[in-house]
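Structure data follow from upload11.cif (mmCIF, C-alpha atoms (C1' of nucleotides)):
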```
data_protein
loop_
_atom_site.label_atom_id
_atom_site.label_comp_id
_atom_site.auth_asym_id
_atom_site.auth_seq_id
_atom_site.Cartn_x
_atom_site.Cartn_y
_atom_site.Cartn_z
CA MET A 26 -86.14 16.52 -26.18
CA GLU A 27 -86.18 15.88 -22.49
CA MET A 28 -82.91 16.61 -20.77
CA THR A 29 -82.45 14.48 -17.71
CA THR A 30 -79.77 15.26 -15.18
CA ARG A 31 -77.99 12.16 -16.37
CA ASP A 32 -77.78 13.51 -19.92
CA LEU A 33 -76.67 16.86 -18.59
CA ILE A 34 -73.74 15.21 -16.84
CA LEU A 35 -72.80 13.32 -19.98
CA GLU A 36 -72.94 16.47 -22.10
CA GLU A 37 -70.86 18.41 -19.61
CA THR A 38 -68.34 15.59 -19.56
CA ARG A 39 -67.97 15.78 -23.33
CA ARG A 40 -67.51 19.52 -23.14
CA GLN A 41 -64.74 19.16 -20.57
CA ILE A 42 -62.93 16.50 -22.55
CA ALA A 43 -63.16 18.38 -25.83
CA GLU A 44 -62.14 21.69 -24.28
CA HIS A 45 -59.57 20.79 -21.68
CA GLY A 46 -58.54 17.23 -22.42
CA LEU A 47 -59.20 13.89 -20.85
CA ASP A 48 -56.89 14.25 -17.87
CA ALA A 49 -58.32 17.61 -16.89
CA THR A 50 -61.80 16.12 -16.88
CA THR A 51 -62.56 15.23 -13.28
CA ILE A 52 -65.72 13.93 -11.70
CA ARG A 53 -65.74 16.86 -9.33
CA GLY A 54 -65.15 19.37 -12.10
CA VAL A 55 -67.98 18.00 -14.19
CA ALA A 56 -70.28 17.96 -11.17
CA ARG A 57 -69.33 21.52 -10.30
CA ARG A 58 -70.24 22.86 -13.72
CA ALA A 59 -73.38 20.78 -13.85
CA ALA A 60 -74.37 22.18 -10.43
CA VAL A 61 -74.64 18.71 -9.02
CA ASP A 62 -73.08 16.75 -6.21
CA PRO A 63 -70.11 14.58 -7.22
CA ALA A 64 -71.73 11.62 -5.52
CA LEU A 65 -74.61 11.85 -7.95
CA VAL A 66 -72.22 11.23 -10.80
CA ARG A 67 -71.11 8.08 -9.08
CA HIS A 68 -74.72 7.10 -8.63
CA TYR A 69 -75.37 7.09 -12.38
CA PHE A 70 -71.93 6.02 -13.60
CA HIS A 71 -70.24 3.94 -10.99
CA THR A 72 -66.68 4.94 -11.79
CA ARG A 73 -64.88 7.67 -13.65
CA GLN A 74 -63.88 5.30 -16.43
CA GLU A 75 -67.49 4.32 -17.05
CA LEU A 76 -68.44 7.98 -17.23
CA ILE A 77 -65.73 8.65 -19.80
CA ASP A 78 -66.65 5.56 -21.78
CA GLU A 79 -70.31 6.39 -22.00
CA ALA A 80 -69.65 10.04 -22.79
CA THR A 81 -67.40 9.14 -25.71
CA GLU A 82 -69.52 6.33 -27.05
CA LEU A 83 -70.35 6.74 -30.72
CA ASP A 84 -72.01 4.22 -32.92
CA LEU A 85 -71.66 4.60 -36.63
CA ASP A 86 -73.16 2.73 -39.50
CA ILE A 87 -69.76 1.81 -40.81
CA ARG A 88 -71.12 -0.48 -43.50
CA ARG A 89 -73.31 2.24 -44.94
CA MET A 90 -70.36 4.65 -44.98
CA VAL A 91 -68.16 2.10 -46.71
CA ARG A 92 -70.84 1.53 -49.34
CA VAL A 93 -71.17 5.25 -50.05
CA VAL A 94 -67.44 5.64 -50.58
CA VAL A 95 -66.85 2.52 -52.64
CA HIS A 96 -69.80 2.97 -54.94
CA GLY A 97 -69.17 5.21 -57.95
CA SER A 98 -66.20 6.45 -59.94
CA PRO A 99 -62.89 5.38 -58.37
CA LYS A 100 -61.42 8.73 -59.41
CA LEU A 101 -63.71 10.47 -56.95
CA ALA A 102 -63.50 7.92 -54.16
CA GLY A 103 -61.14 10.19 -52.23
CA ARG A 104 -63.61 13.04 -52.27
CA ARG A 105 -66.46 10.80 -51.21
CA LEU A 106 -64.29 9.47 -48.41
CA VAL A 107 -63.43 12.91 -47.06
CA GLY A 108 -67.02 14.03 -47.43
CA THR A 109 -68.32 11.05 -45.51
CA VAL A 110 -65.91 11.52 -42.64
CA LEU A 111 -66.54 15.25 -42.43
CA ALA A 112 -70.28 14.60 -42.42
CA VAL A 113 -69.86 12.51 -39.29
CA TRP A 114 -67.56 14.98 -37.56
CA ASP A 115 -69.69 18.01 -38.39
CA SER A 116 -72.96 16.26 -37.64
CA PRO A 117 -75.03 18.31 -35.19
CA GLU A 118 -76.79 15.20 -33.96
CA ALA A 119 -73.50 13.61 -32.93
CA GLY A 120 -72.67 16.87 -31.19
CA LEU A 121 -69.52 16.85 -29.13
CA VAL A 122 -69.11 13.09 -29.17
CA PRO A 123 -66.60 12.84 -32.03
CA MET A 124 -64.38 15.59 -30.66
CA ALA A 125 -64.53 14.24 -27.14
CA ARG A 126 -63.71 10.83 -28.53
CA LEU A 127 -60.71 12.16 -30.40
CA ALA A 128 -59.46 14.23 -27.48
CA ALA A 129 -59.83 11.25 -25.18
CA ALA A 130 -57.95 8.94 -27.53
CA LEU A 131 -55.17 11.49 -27.83
CA THR A 132 -54.26 11.32 -24.17
CA ASP A 133 -55.37 7.81 -23.38
CA GLN A 134 -52.20 6.18 -22.06
CA ASN A 135 -49.80 6.69 -24.93
CA ALA A 136 -52.34 7.60 -27.58
CA ALA A 137 -52.17 4.04 -28.83
CA ALA A 138 -55.94 3.98 -28.63
CA LEU A 139 -55.88 6.30 -31.59
CA ALA A 140 -54.90 3.51 -33.93
CA ARG A 141 -57.69 1.23 -32.80
CA THR A 142 -60.49 3.61 -33.62
CA ASP A 143 -63.42 2.36 -35.61
CA LEU A 144 -62.51 4.94 -38.19
CA ILE A 145 -59.14 3.45 -38.96
CA GLU A 146 -59.39 -0.20 -38.05
CA GLN A 147 -62.75 -0.80 -39.66
CA PHE A 148 -63.79 1.97 -41.99
CA LEU A 149 -60.54 2.79 -43.78
CA GLY A 150 -59.39 -0.81 -43.88
CA GLU A 151 -62.65 -1.96 -45.41
CA VAL A 152 -62.75 0.81 -47.99
CA ILE A 153 -59.23 0.13 -49.18
CA THR A 154 -59.60 -3.61 -49.51
CA ARG A 155 -62.89 -3.14 -51.33
CA LEU A 156 -61.11 -0.88 -53.80
CA GLY A 157 -58.55 -3.62 -54.26
CA ALA A 158 -55.40 -1.61 -53.59
CA ASP A 159 -52.15 -3.11 -52.34
CA GLN A 160 -50.53 -2.32 -48.97
CA PRO A 161 -53.87 -1.61 -47.32
CA ARG A 162 -52.32 -1.07 -43.93
CA LEU A 163 -49.90 1.60 -45.10
CA ARG A 164 -52.59 3.38 -47.10
CA ALA A 165 -54.99 3.34 -44.20
CA GLN A 166 -52.45 4.93 -41.92
CA LEU A 167 -51.46 7.58 -44.40
CA ILE A 168 -55.08 8.60 -44.82
CA ALA A 169 -55.72 8.38 -41.11
CA ALA A 170 -52.74 10.63 -40.47
CA GLN A 171 -54.07 13.17 -42.92
CA LEU A 172 -57.60 13.09 -41.50
CA LEU A 173 -56.61 13.12 -37.84
CA GLY A 174 -54.24 15.99 -38.46
CA LEU A 175 -57.11 17.86 -40.04
CA ALA A 176 -59.40 17.07 -37.11
CA LEU A 177 -56.76 18.28 -34.70
CA PHE A 178 -56.63 21.71 -36.27
CA ARG A 179 -60.26 22.05 -37.30
CA TYR A 180 -61.92 20.93 -34.08
CA LEU A 181 -59.52 20.82 -31.17
CA VAL A 182 -57.22 23.71 -31.92
CA SER A 183 -59.98 25.54 -33.80
CA GLU A 184 -57.51 27.31 -35.99
CA PRO A 185 -59.64 29.92 -37.81
CA VAL A 186 -58.68 29.03 -41.36
CA LEU A 187 -59.48 25.33 -41.13
CA ALA A 188 -62.26 25.64 -38.57
CA SER A 189 -64.25 28.11 -40.64
CA ALA A 190 -63.83 26.29 -43.93
CA THR A 191 -66.93 24.58 -45.27
CA ALA A 192 -67.10 20.83 -45.54
CA PRO A 193 -67.42 20.87 -49.35
CA GLY A 194 -64.47 23.24 -49.57
CA LEU A 195 -62.28 20.96 -47.50
CA THR A 196 -63.50 17.97 -49.45
CA ALA A 197 -62.36 19.60 -52.66
CA VAL A 198 -58.97 20.52 -51.25
CA LEU A 199 -58.21 17.22 -49.51
CA GLY A 200 -60.20 14.77 -51.60
CA ASP A 201 -57.73 14.26 -54.40
CA ALA A 202 -54.70 13.92 -52.15
CA VAL A 203 -56.54 11.28 -50.17
CA GLY A 204 -57.58 9.70 -53.46
CA CYS A 205 -53.91 9.29 -54.34
CA TYR A 206 -53.21 7.49 -51.08
CA LEU A 207 -56.27 5.39 -51.80
CA THR A 208 -55.55 4.07 -55.26
CA GLU A 209 -52.31 5.34 -56.80
CA PRO A 210 -49.25 3.07 -56.72
CA LEU A 211 -47.03 4.02 -53.80
CA MET B 28 -20.48 12.25 -22.68
CA GLU B 29 -20.85 12.89 -18.99
CA MET B 30 -24.33 12.28 -17.63
CA THR B 31 -25.02 14.47 -14.65
CA THR B 32 -27.97 13.76 -12.41
CA ARG B 33 -29.56 16.88 -13.78
CA ASP B 34 -29.40 15.52 -17.33
CA LEU B 35 -30.74 12.20 -16.11
CA ILE B 36 -33.78 13.92 -14.69
CA LEU B 37 -34.35 15.83 -17.91
CA GLU B 38 -34.06 12.66 -19.98
CA GLU B 39 -36.44 10.79 -17.74
CA THR B 40 -38.88 13.67 -17.95
CA ARG B 41 -38.85 13.48 -21.73
CA ARG B 42 -39.45 9.76 -21.60
CA GLN B 43 -42.44 10.20 -19.32
CA ILE B 44 -43.96 12.89 -21.50
CA ALA B 45 -43.44 10.95 -24.71
CA GLU B 46 -44.72 7.70 -23.26
CA HIS B 47 -47.53 8.70 -20.95
CA GLY B 48 -48.38 12.27 -21.83
CA LEU B 49 -47.78 15.61 -20.22
CA ASP B 50 -50.39 15.38 -17.49
CA ALA B 51 -49.18 11.98 -16.33
CA THR B 52 -45.69 13.39 -15.96
CA THR B 53 -45.26 14.32 -12.31
CA ILE B 54 -42.27 15.52 -10.38
CA ARG B 55 -42.62 12.58 -8.05
CA GLY B 56 -42.98 10.08 -10.87
CA VAL B 57 -39.89 11.34 -12.66
CA ALA B 58 -37.92 11.32 -9.43
CA ARG B 59 -39.06 7.79 -8.67
CA ARG B 60 -37.85 6.43 -11.99
CA ALA B 61 -34.64 8.40 -11.81
CA ALA B 62 -34.03 6.98 -8.31
CA VAL B 63 -33.81 10.44 -6.88
CA ASP B 64 -35.59 12.46 -4.23
CA PRO B 65 -38.41 14.65 -5.56
CA ALA B 66 -36.95 17.61 -3.71
CA LEU B 67 -33.83 17.31 -5.82
CA VAL B 68 -35.88 17.95 -8.93
CA ARG B 69 -37.23 21.05 -7.31
CA HIS B 70 -33.68 22.07 -6.44
CA TYR B 71 -32.54 22.09 -10.07
CA PHE B 72 -35.77 23.22 -11.71
CA HIS B 73 -37.67 25.35 -9.27
CA THR B 74 -41.13 24.47 -10.49
CA ARG B 75 -42.77 21.75 -12.51
CA GLN B 76 -43.39 24.12 -15.39
CA GLU B 77 -39.70 24.99 -15.59
CA LEU B 78 -38.84 21.31 -15.68
CA ILE B 79 -41.26 20.68 -18.52
CA ASP B 80 -40.06 23.73 -20.40
CA GLU B 81 -36.41 22.80 -20.19
CA ALA B 82 -37.07 19.16 -21.06
CA THR B 83 -38.97 20.09 -24.21
CA GLU B 84 -36.66 22.86 -25.31
CA LEU B 85 -35.48 22.42 -28.89
CA ASP B 86 -33.59 24.96 -30.92
CA LEU B 87 -33.60 24.57 -34.64
CA ASP B 88 -31.79 26.44 -37.34
CA ILE B 89 -35.04 27.38 -39.00
CA ARG B 90 -33.40 29.65 -41.53
CA ARG B 91 -31.09 26.93 -42.73
CA MET B 92 -34.01 24.53 -43.05
CA VAL B 93 -36.00 27.07 -45.04
CA ARG B 94 -33.05 27.62 -47.34
CA VAL B 95 -32.67 23.91 -48.01
CA VAL B 96 -36.32 23.51 -48.95
CA VAL B 97 -36.69 26.63 -51.06
CA HIS B 98 -33.50 26.17 -53.05
CA GLY B 99 -33.82 23.93 -56.09
CA SER B 100 -36.56 22.69 -58.38
CA PRO B 101 -40.02 23.77 -57.18
CA LYS B 102 -41.37 20.41 -58.37
CA LEU B 103 -39.36 18.67 -55.66
CA ALA B 104 -39.86 21.24 -52.92
CA GLY B 105 -42.43 18.98 -51.24
CA ARG B 106 -39.97 16.12 -51.00
CA ARG B 107 -37.24 18.35 -49.66
CA LEU B 108 -39.70 19.70 -47.10
CA VAL B 109 -40.70 16.27 -45.85
CA GLY B 110 -37.09 15.14 -45.83
CA THR B 111 -36.00 18.12 -43.79
CA VAL B 112 -38.72 17.67 -41.19
CA LEU B 113 -38.11 13.94 -40.91
CA ALA B 114 -34.39 14.58 -40.50
CA VAL B 115 -35.14 16.67 -37.44
CA TRP B 116 -37.62 14.23 -35.96
CA ASP B 117 -35.44 11.19 -36.56
CA SER B 118 -32.25 12.91 -35.48
CA PRO B 119 -30.50 10.81 -32.83
CA GLU B 120 -28.86 13.90 -31.38
CA ALA B 121 -32.23 15.50 -30.69
CA GLY B 122 -33.30 12.25 -29.08
CA LEU B 123 -36.63 12.33 -27.35
CA VAL B 124 -36.98 16.09 -27.44
CA PRO B 125 -39.16 16.37 -30.56
CA MET B 126 -41.55 13.65 -29.42
CA ALA B 127 -41.76 15.04 -25.92
CA ARG B 128 -42.38 18.44 -27.40
CA LEU B 129 -45.19 17.14 -29.57
CA ALA B 130 -46.79 15.13 -26.79
CA ALA B 131 -46.59 18.13 -24.49
CA ALA B 132 -48.20 20.43 -27.02
CA LEU B 133 -50.97 17.88 -27.59
CA THR B 134 -52.25 18.11 -24.05
CA ASP B 135 -51.24 21.64 -23.22
CA GLN B 136 -54.54 23.23 -22.27
CA ASN B 137 -56.60 22.71 -25.40
CA ALA B 138 -53.77 21.77 -27.70
CA ALA B 139 -53.76 25.33 -28.96
CA ALA B 140 -50.03 25.35 -28.35
CA LEU B 141 -49.81 22.99 -31.29
CA ALA B 142 -50.52 25.77 -33.72
CA ARG B 143 -47.84 28.03 -32.30
CA THR B 144 -44.99 25.61 -32.79
CA ASP B 145 -41.86 26.84 -34.50
CA LEU B 146 -42.53 24.25 -37.15
CA ILE B 147 -45.78 25.76 -38.27
CA GLU B 148 -45.62 29.40 -37.34
CA GLN B 149 -42.11 30.00 -38.58
CA PHE B 150 -40.84 27.22 -40.80
CA LEU B 151 -43.89 26.41 -42.92
CA GLY B 152 -45.01 30.01 -43.14
CA GLU B 153 -41.61 31.15 -44.32
CA VAL B 154 -41.25 28.37 -46.86
CA ILE B 155 -44.62 29.07 -48.44
CA THR B 156 -44.21 32.80 -48.72
CA ARG B 157 -40.75 32.31 -50.20
CA LEU B 158 -42.27 30.05 -52.83
CA GLY B 159 -44.77 32.81 -53.57
CA ALA B 160 -47.97 30.82 -53.22
CA ASP B 161 -51.34 32.32 -52.33
CA GLN B 162 -53.30 31.54 -49.16
CA PRO B 163 -50.14 30.82 -47.15
CA ARG B 164 -52.06 30.30 -43.94
CA LEU B 165 -54.35 27.62 -45.37
CA ARG B 166 -51.47 25.83 -47.07
CA ALA B 167 -49.38 25.87 -43.92
CA GLN B 168 -52.15 24.30 -41.91
CA LEU B 169 -52.88 21.62 -44.49
CA ILE B 170 -49.23 20.61 -44.52
CA ALA B 171 -48.99 20.85 -40.75
CA ALA B 172 -52.03 18.60 -40.43
CA GLN B 173 -50.45 16.03 -42.73
CA LEU B 174 -47.10 16.13 -40.94
CA LEU B 175 -48.47 16.12 -37.41
CA GLY B 176 -50.77 13.26 -38.27
CA LEU B 177 -47.75 11.37 -39.53
CA ALA B 178 -45.79 12.16 -36.38
CA LEU B 179 -48.67 10.98 -34.26
CA PHE B 180 -48.63 7.54 -35.82
CA ARG B 181 -44.92 7.19 -36.46
CA TYR B 182 -43.61 8.32 -33.09
CA LEU B 183 -46.30 8.46 -30.45
CA VAL B 184 -48.52 5.58 -31.45
CA SER B 185 -45.56 3.73 -33.00
CA GLU B 186 -47.78 1.92 -35.45
CA PRO B 187 -45.47 -0.68 -37.00
CA VAL B 188 -46.05 0.21 -40.63
CA LEU B 189 -45.27 3.91 -40.34
CA ALA B 190 -42.79 3.60 -37.48
CA SER B 191 -40.58 1.12 -39.33
CA ALA B 192 -40.67 2.93 -42.65
CA THR B 193 -37.45 4.62 -43.67
CA ALA B 194 -37.22 8.37 -43.93
CA PRO B 195 -36.50 8.31 -47.68
CA GLY B 196 -39.42 5.97 -48.21
CA LEU B 197 -41.81 8.24 -46.39
CA THR B 198 -40.37 11.22 -48.20
CA ALA B 199 -41.17 9.57 -51.51
CA VAL B 200 -44.70 8.69 -50.48
CA LEU B 201 -45.63 11.97 -48.82
CA GLY B 202 -43.43 14.40 -50.71
CA ASP B 203 -45.58 14.91 -53.75
CA ALA B 204 -48.85 15.27 -51.84
CA VAL B 205 -47.20 17.91 -49.67
CA GLY B 206 -45.82 19.47 -52.83
CA CYS B 207 -49.39 19.90 -54.10
CA TYR B 208 -50.42 21.71 -50.94
CA LEU B 209 -47.28 23.79 -51.33
CA THR B 210 -47.62 25.10 -54.85
CA GLU B 211 -50.70 23.84 -56.71
CA PRO B 212 -53.75 26.11 -56.97
CA LEU B 213 -56.25 25.18 -54.30
"C1'" DC C 6 -7.63 18.98 10.26
"C1'" DG C 7 -11.58 22.62 9.38
"C1'" DT C 8 -14.48 25.08 6.18
"C1'" DT C 9 -17.21 26.00 2.41
"C1'" DG C 10 -20.51 25.21 -1.04
"C1'" DA C 11 -22.97 22.10 -3.82
"C1'" DA C 12 -25.68 17.85 -4.01
"C1'" DT C 13 -29.06 15.42 -1.82
"C1'" DT C 14 -32.56 14.01 1.55
"C1'" DC C 15 -36.42 14.27 5.30
"C1'" DC C 16 -40.48 15.96 6.95
"C1'" DC C 17 -44.20 18.92 6.49
"C1'" DC C 18 -48.17 21.65 4.51
"C1'" DG C 19 -52.36 22.54 1.92
"C1'" DC C 20 -54.83 21.07 -1.90
"C1'" DT C 21 -57.42 18.10 -5.20
"C1'" DT C 22 -58.71 13.78 -6.65
"C1'" DG C 23 -61.76 9.18 -6.86
"C1'" DT C 24 -64.45 6.64 -4.14
"C1'" DT C 25 -67.61 5.42 -0.50
"C1'" DG C 26 -71.53 4.77 2.90
"C1'" DA C 27 -75.30 6.75 5.21
"C1'" DG C 28 -78.96 9.23 4.84
"C1'" DA C 29 -82.28 13.09 3.23
"C1'" DA C 30 -85.98 14.93 -0.07
"C1'" DA C 31 -89.35 13.77 -3.77
"C1'" DG C 32 -92.84 11.52 -5.99
"C1'" DG C 33 -96.10 8.08 -7.28
"C1'" DG C 34 -99.04 4.00 -6.54
"C1'" DA C 35 -101.56 0.92 -2.83
"C1'" DT D 16 -101.99 7.20 5.08
"C1'" DC D 17 -97.78 4.06 4.27
"C1'" DC D 18 -94.27 2.43 1.39
"C1'" DC D 19 -90.96 1.94 -2.04
"C1'" DT D 20 -88.12 3.52 -5.75
"C1'" DT D 21 -85.63 7.09 -7.73
"C1'" DT D 22 -83.05 11.14 -7.20
"C1'" DC D 23 -79.94 13.59 -4.73
"C1'" DT D 24 -76.77 15.55 -0.70
"C1'" DC D 25 -73.42 15.41 3.31
"C1'" DA D 26 -69.37 14.20 5.40
"C1'" DA D 27 -65.44 11.56 5.21
"C1'" DC D 28 -61.65 8.52 3.70
"C1'" DA D 29 -57.02 7.52 1.69
"C1'" DA D 30 -54.06 8.63 -1.84
"C1'" DG D 31 -51.31 11.54 -4.82
"C1'" DC D 32 -49.91 15.98 -6.07
"C1'" DG D 33 -46.73 20.58 -6.06
"C1'" DG D 34 -44.32 23.20 -3.17
"C1'" DG D 35 -41.26 24.65 0.70
"C1'" DG D 36 -38.01 24.83 4.82
"C1'" DA D 37 -34.47 22.74 7.32
"C1'" DA D 38 -31.11 19.49 7.78
"C1'" DT D 39 -27.82 16.13 6.07
"C1'" DT D 40 -24.19 14.02 3.21
"C1'" DC D 41 -20.17 14.71 0.49
"C1'" DA D 42 -16.35 16.11 -2.11
"C1'" DA D 43 -12.96 19.62 -2.89
"C1'" DC D 44 -9.89 23.09 -1.10
"C1'" DG D 45 -7.30 25.72 2.37
#
```
Encoded form (structure tokens):
Amino acid sequence: MEMTTRDLILEETRRQIAEHGLDATTIRGVARRAAVDPALVRHYFHTRQELIDEATELDLDIRRMVRVVVHGSPKLAGRRLVGTVLAVWDSPEAGLVPMARLAAALTDQNAAALARTDLIEQFLGEVITRLGADQPRLRAQLIAAQLLGLALFRYLVSEPVLASATAPGLTAVLGDAVGCYLTEPL
Amino acid sequence: MEMTTRDLILEETRRQIAEHGLDATTIRGVARRAAVDPALVRHYFHTRQELIDEATELDLDIRRMVRVVVHGSPKLAGRRLVGTVLAVWDSPEAGLVPMARLAAALTDQNAAALARTDLIEQFLGEVITRLGADQPRLRAQLIAAQLLGLALFRYLVSEPVLASATAPGLTAVLGDAVGCYLTEPL
DNA sequence: CGTTGAATTCCCCGCTTGTTGAGAAAGGGA
DNA sequence: TCCCTTTCTCAACAAGCGGGGAATTCAACG
């Protein structure tokens, strides 16, 4: 694993966003902590926005995730859903990207970017329609609210109780509630 | 209802915070939209922090709210809880204060302020211990996650589906799930 | 009228930010 | 050796920010 200066800057950017928020993440601040000249940041990423964009870029195999959740007993679809999402968020390979992405969306303009995440727009929508439930939009937002609230406390606030819980434990606790939003009549 | 310039500034501050976030809320920006000199803001509220604090100040009768939720059938405690919280958030008299407060907490440092809200620390904690459930801290955070996620979409993002739903409707949909977190064994 | 005190404005300071252009090391073929 | 590309630094700009002092309007009261 070679670590170029470019990657170092990206990683530091993610750390700043996740720890102190998008607005507090400045080119100069990132450069300072990366022991690098601010102009170098501009050399690799021409503008601040491009830096933010690249640092929070995350590509997921949404179709595979949808397949995993939809396949199998509908009773347990909620648990599989929570498990799949937590697997992404806890993934060491993804590192800080998901948290930085969430923190960035939270303060981007009026947080409206939150609703246009891949997670909600694509993943949840697809899962629900595949399961053939009514009011897919309402269900997707209820589940998204539950999951984003969880992410807020588990990753950004790092509240001990939720942050130290294991993924399977959380899946067990949240899975059935999410399952209700997924399939039960509203 | 007399509207002093001071109140106008406070109201405009809340609007800025709720719409564009805490960090984007500047003394000069507020003054500009209020058609007022920035120095006047400083005259009333000596520092930016004091302005923010006063604009997001919200006093609730927590004890009354706890009483309302705890009293009555435990089966319906979840619904009463959701109804009580929504009544506060939707209250026209409170106006923009709750949303501004939430948006401010979201970007305050690392959002850690979120966990120390009256809502969670006092209200939820008190309700759960009064109902005599185990693991009060975990339950409080699960419910807080659900409710804050809802607030995010309903008020800040203003996603049509959740924003246009009626309070009783949401209470019906969310009440029982919250009730599970409140009393069911985890 | 004059005075007094609050409401409001003007001008200034020091600081940080994003962005920029010009140029300095470094390193690897030819 | 020369040269060219990549990597990186220096110095500077214009803008926006929070804060602060001093002065001005303005309405009410004597």
Inset, instruction - Please measure the separation of atom C1' of C:DA35 and atom C1' of D:DC23, giving the value in Å to one decimal. - result: 25.1 Å
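Between atom CA of A:Ile34 and atom CA of A:His68 the interatomic distance comes to 11.6 Å.
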Inset, instruction - Taking the file as shown, find all residues satisfying the PyMOL selection byres ((chain B) within 9 of (chain C)) and write them as a list in words. - result: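 Listing what the PyMOL selection byres ((chain B) within 9 of (chain C)) selects in the shown file: Val63, Asp64, Ala66 and Leu67 of chain B.
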Inset, instruction - Write out as a PyMOL selection string each polymer residue whose atoms come within 12 Å of A:Ala102, counting only C-alpha atoms (C1' of nucleotides); drop sequence neighbours fewer than 3 positions from it. - result: chain A and resi 90-99+105-109+149+152-153+155-156+196-197+199-209
Legend entry - Check: which chain B residues lie within 10 Å of chain D using all atoms listed in the file, as a PyMOL selection string: chain B and resi 53-55+66+69+73-75
Legend entry - Residue with smallest distance to chain A - pool B:Ala132, B:Ala121, B:Leu179, B:Ile79, counting all atoms listed in the file: B:Leu179
Inset, instruction - Considering all atoms listed in the file, extract the chain A residues located within 7 Å of chain B and return them as a list in words. - result: Glu44, His45, Gly46, Asp48, Thr132, Gln134, Asn135, Ala136, Ala137, Leu163, Ala170, Gln171, Leu173, Gly174, Leu175, Phe178, Leu181, Val182, Val186, Val198, Ala202 and Leu211 of chain A
Inset, instruction - For atom CA of B:Glu120 and atom CA of B:Glu84, quote the distance in Å rounded to one decimal. - result: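 It comes out at 13.3 Å.
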Need the shell around B:Val124: protein/DNA/RNA residues with any atom at most 7 Å away, counting all atoms listed in the file. Skip same-chain ones fewer than 5 positions apart. Format as a CSV table (one decimal) with C-alpha atoms, in the frame of the given file?
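out-v8.csv was written with the following content:
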```
chain,number,residue,atom,x,y,z
B,41,ARG,CA,-38.8,13.5,-21.7
B,83,THR,CA,-39.0,20.1,-24.2
B,85,LEU,CA,-35.5,22.4,-28.9
```
Inset, instruction - Name the residues that the PyMOL selection byres ((chain A and resi 28-33) around 9) pulls out of this structure, and write them as number ranges by chain. - result: A: 26-27, 34-38, 59, 61, 66, 69
